[in-house]
Every structure is written in structure tokens, then in C-alpha cells.
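Asks: I am attaching a structure below and will ask some questions about it afterwards.
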Amino acid sequence: MLAIIEAYARGFLRDRPGLALTLLLPPLIYLLFAAIFGASGQGSIDASVSFTDLARSAASQTARAAMRKSFDRLSEQDSVQAVEANVVSGRADTGVILRAGDGPGLRIEILGTGGREAATNAVAARMSAIHAAMAGRAVDDGSVQRRRLGPAGDFQATYYAAAVAVMFMFFAAVHGAMGGLDERRSGLQARLVLASRGLAPVLGARLLWLTAVGVAQAIIIFLVATPDLPSLAIWQIAAGLLTAFVVGLAASGFALMVIAACRSRDQAQPLSTFLVLVLAALGGSMAPRFLMPPAFQSIGWLTPHAWAIESWQTVIWLGRFDSDVPTGWIVLAGLGVVGWLVAFVIERRRLSG
């Protein structure tokens, strides 16, 4: 098995264009995504605002009416905790808390997080104008306060590092697995099976090699994203690397399964591309799942991409290690193992037939 992996590595390193596309293209796409979707910091701001009304007064009713006219994407929550969760998770650009002030007055708290400073500034300026108009003053008296949530860093940079990583790990895996079609057609696979005394070492080496390439891609993407990530503890780095491994395993097992089911590149290329794009779209690699309709958000949990992004987000951005993380690891590792077993059964039947 080690000899087969070494042969794959030599071929990979000799193919300089392929090496560059595999390891340099993903971080370039990440930088493009981060630049495009992080552009909420410039130009016209269309911020999504999550708010809660704790005052429940005539003044807060007036403020709420003005907010509905000022913000197109406005959602009301039942508690401060719900607003904070929406802001930290990226479901809302900014949070607004309406609190009772002195007498009939109103105190307004603006919640923001890393990477959303421009949206927070725009919402704060608008709420200051609303508050000043309600009080009959030209400028606000300081009753609009700000509070930063979450870690230092950029939420969108963290999200798209995870989203781009999982998407390219699956693309690279299916592309690499197609080499098995050439080995099968040329008879090399049959000779490798004889030399290795079985099919399992051959497919096992292929699985481990594709997983290693995927992990390398993820590491490079997150290294490029490091300036915009929160400060990470050792356990977060370790958990992020383990997540990269199980994502790479899932991508490799999936790729081997799909390619084993195909008889030629003409079948494998369109089918694998279609499947990877569908998984990426539903799983949140192209747009965050919380922007999707509820039905598609639920369907997204059927994809490995959703579990990968959620696991990375939880350990890197939120700095937590809750039950969702090991659950995601189990789902991803399970896909990798099941995919490898299905590929093994298909290839063994093909060899025996």
C-alpha cells in the first residue's frame, strides 16, 4: 500500500500544472469569495437587522415603525439572546436592542461582530437619526450605544474558508479518483491487485492519497485566511485539522464510489461534476444555508458540506466543542467508509466478472 501511495505522490509532484491547480486554485477562489461577499463593507449598505423590543412602550412602537421604513431586511426576535445568536452566527449583519430609557425615553443598543463594521456603522447612524428625530433634536444625545459580539476576526472569512475548502476537496477527490478509470482500462489495476495480493490495499492506498491531497488543500486555504480568522487555541487548531481529515475522507470515499460506478470518463466527468455542484449548492458552499428557504436548509443536512462547514464554524469561529462537532465527524467519516466499501464491492465484482 505504501508503495502505491508513493507512486501516486511522485506522479502528483511531477505534474506541475496539476499541482498548481490543485493547491493554488482553491485559495485564489477563497480570496475571490471573501472579496465579493465581504464587500458589504463598501458602497451602499443593505444590512440585515435582527432586533428585539424590551421596552414595549409608545416610544419603542414609534422606533419600530421607523425601522420598518429604513431597513428592508428586518426580523424581530423574542429575546436578547436570540438577537445575539443571529449576529454571531452571521444570520444578521447587525442587532438592535430597544430598551426603556428615562421617563418616556428609549435606549438603543447596536450589536455588531467582526467583518461587519460598515453595516454596524450604517445601522447605528440610522438608529441615531431615528432616536434624535423622536426626541426632537438635530443630533442624538448618546442614547444609542454599541456592543461587539463574538471573537476578533471576520465571520465571512471564516465561513468561506470552510465553504471553499470542502467544495474543492470534493472536486479534487473526484478528479483524482478518475485515474482509477485509466488504471482499470489499461489493465494496471489488475496487475496492482495481483502485486498487492488483493483489491483492498489498492483502493485503500487510493483513499488515503486522495484524503491527504484534500487535507493539504484545506490547510493552504485556512493559512491564506489566517489574517482574518480569530486567534486560535491549540485545541481549535487540532480540531480544525481533524475536521479537515474527516472531510477529506468523506470526499475520497464519495469520489471512489461514484467513479467505481462509471465505466468511462465520458460517464464519470459529467456525473461527478453534477453531483459535486448539487452538494455544494445545497450544503452552503455557494451561499450560506441560512439564506435558503427552510425546506432547503433541512435538505442541506443530507450533504457532507453542511456538516463540514458547521464543524469548522463551531470550533474556529464560535470556539466551542459541543455535540454537533463529533456528530459531524461521525457523519463525514461514515460517508468515507461507506463510499470506500461500495467502491470495493463494485470493483471486486468487475474484476471477478
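If you're wondering about the labels, chains in the C-alpha cells are A, B, ... by order shown, residues count from 1 in each chain, ligands from 1 in order shown.
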I'd like the neighbourhood of Glu117 in chain A as a list of chain:residue names, where a residue qualifies if any of its atoms comes within 10 Å (using only C-alpha atoms), though same-chain residues fewer than 2 positions away should be ignored.
Replies: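 So, after excluding close chain neighbours, the residues are A:Ser40, A:Gly41, A:Asp93, A:Thr94, A:Gly112, A:Thr113, A:Gly114, A:Gly115, A:Ala119, A:Thr120, A:Asn121, A:Ala122, A:Val123, A:Arg148, A:Asp154.
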Asks: Identify, on the basis of only C-alpha atoms, every residue whose closest approach to Trp209 in chain A does not exceed 10 Å; exclude the query and any residue fewer than 2 positions from it along the same chain; express the result as a list in words.
Replies: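 Within the cut-off, the hits are Leu2, Ile4, Ile5, Glu6, Tyr8, Ala9, Ala173, Gly176, Ala177, Leu203, Gly204, Ala205, Arg206, Leu207, Thr211, Ala212, Val213, Gly214, Val215, Gly248, Leu249 and Ser252 of chain A.
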Asks: When you count only C-alpha atoms, which of these residues is closest to Val144 in chain A: A:Ala343, A:Gly179, A:Ile97, A:Ala157?
Replies: A:Ile97
Asks: Using CA of Gly136 in chain A and CA of Ala66 in chain A as the two end points, give the distance in Å to one decimal.
Replies: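 Those two atoms sit 14.6 Å apart.
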Asks: Identify, on the basis of only C-alpha atoms, every residue whose closest approach to Phe168 in chain A does not exceed 9 Å; exclude the query and any residue fewer than 3 positions from it along the same chain; express the result as JSON, numbers by chain.
Replies: {"A": [22, 25, 26, 163, 164, 165, 171, 172, 173, 214, 217, 218]}
Asks: Hey, what's within 12 Å of Ser285 in chain A if we count only C-alpha atoms and toss same-chain stuff fewer than 4 positions away? As JSON, numbers by chain, please?
Replies: {"A": [29, 30, 33, 159, 160, 161, 162, 163, 164, 165, 166, 167, 168, 169, 170, 276, 277, 278, 279, 280, 281, 289, 290, 300, 303, 304, 305, 306, 307, 308, 309, 310]}
Asks: For C-alpha atoms, I'd like the residues from the last selection saved as a tab-separated table (two decimals), in the first residue's frame.
Replies:
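Saved the output as result_39.tsv:
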chain	number	residue	atom	x	y	z
A	29	ILE	CA	-11.13	31.16	-5.21
A	30	TYR	CA	-11.36	31.71	-1.45
A	33	PHE	CA	-15.28	34.78	-2.49
A	159	TYR	CA	-17.27	30.86	6.70
A	160	TYR	CA	-15.94	30.99	3.15
A	161	ALA	CA	-12.65	29.37	4.10
A	162	ALA	CA	-14.69	26.36	5.24
A	163	ALA	CA	-17.12	26.55	2.31
A	164	VAL	CA	-14.43	26.78	-0.38
A	165	ALA	CA	-12.29	24.12	1.31
A	166	VAL	CA	-14.98	21.44	1.34
A	167	MET	CA	-16.08	22.27	-2.21
A	168	PHE	CA	-12.58	21.93	-3.67
A	169	MET	CA	-11.79	18.85	-1.60
A	170	PHE	CA	-14.69	17.11	-3.32
A	276	VAL	CA	-20.44	17.84	-6.55
A	277	LEU	CA	-22.15	21.06	-7.67
A	278	VAL	CA	-25.51	19.95	-6.25
A	279	LEU	CA	-23.91	19.03	-2.93
A	280	ALA	CA	-22.06	22.36	-2.84
A	281	ALA	CA	-25.21	24.37	-3.58
A	289	ARG	CA	-27.71	27.90	4.16
A	290	PHE	CA	-29.46	30.36	6.46
A	300	GLY	CA	-28.78	20.67	3.34
A	303	THR	CA	-24.96	16.81	2.38
A	304	PRO	CA	-21.43	16.42	3.79
A	305	HIS	CA	-20.78	20.07	3.00
A	306	ALA	CA	-23.23	21.29	5.64
A	307	TRP	CA	-21.66	19.10	8.32
A	308	ALA	CA	-18.15	20.17	7.32
A	309	ILE	CA	-18.93	23.89	7.36
A	310	GLU	CA	-20.84	23.63	10.64
Asks: One number please: CA of Ser75 in chain A to CA of Thr52 in chain A, in Å, one decimal.
Replies: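 It comes out at 8.6 Å.
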Asks: Would you list the contacts of Thr243 in chain A as a ChimeraX atom specification, taking every protein, DNA or RNA residue within 8 Å and counting only C-alpha atoms, but skipping same-chain residues closer than 4 positions in sequence?
Replies: /A:239,247,308,311-312,329
Asks: What's around Leu291 in chain A at 12 Å? Count only C-alpha atoms, leave out sequence neighbours fewer than 2 positions away in its own chain, and write the answer as number ranges by chain.
Replies: A: 48, 73, 90-92, 281-284, 286-289, 293-297, 300
Asks: Determine the nearest neighbour of Leu188 in chain A from the options A:Thr327, A:Ile221, A:Val202, A:Gly95, counting only C-alpha atoms.
Replies: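 Ranked by minimum distance to Leu188 in chain A, first place goes to A:Val202.
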Asks: Between CA of Val342 in chain A and CA of Gln269 in chain A, what is the distance in Å, rounded to a tenth?
Replies: 19.1 Å
Asks: Counting only C-alpha atoms, which residue out of A:Leu24, A:Ala261, A:Ala333, A:Leu223 sits closest to Leu242 in chain A?
Replies: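 Answer, going by the shortest atom-to-atom distance: A:Ala333.
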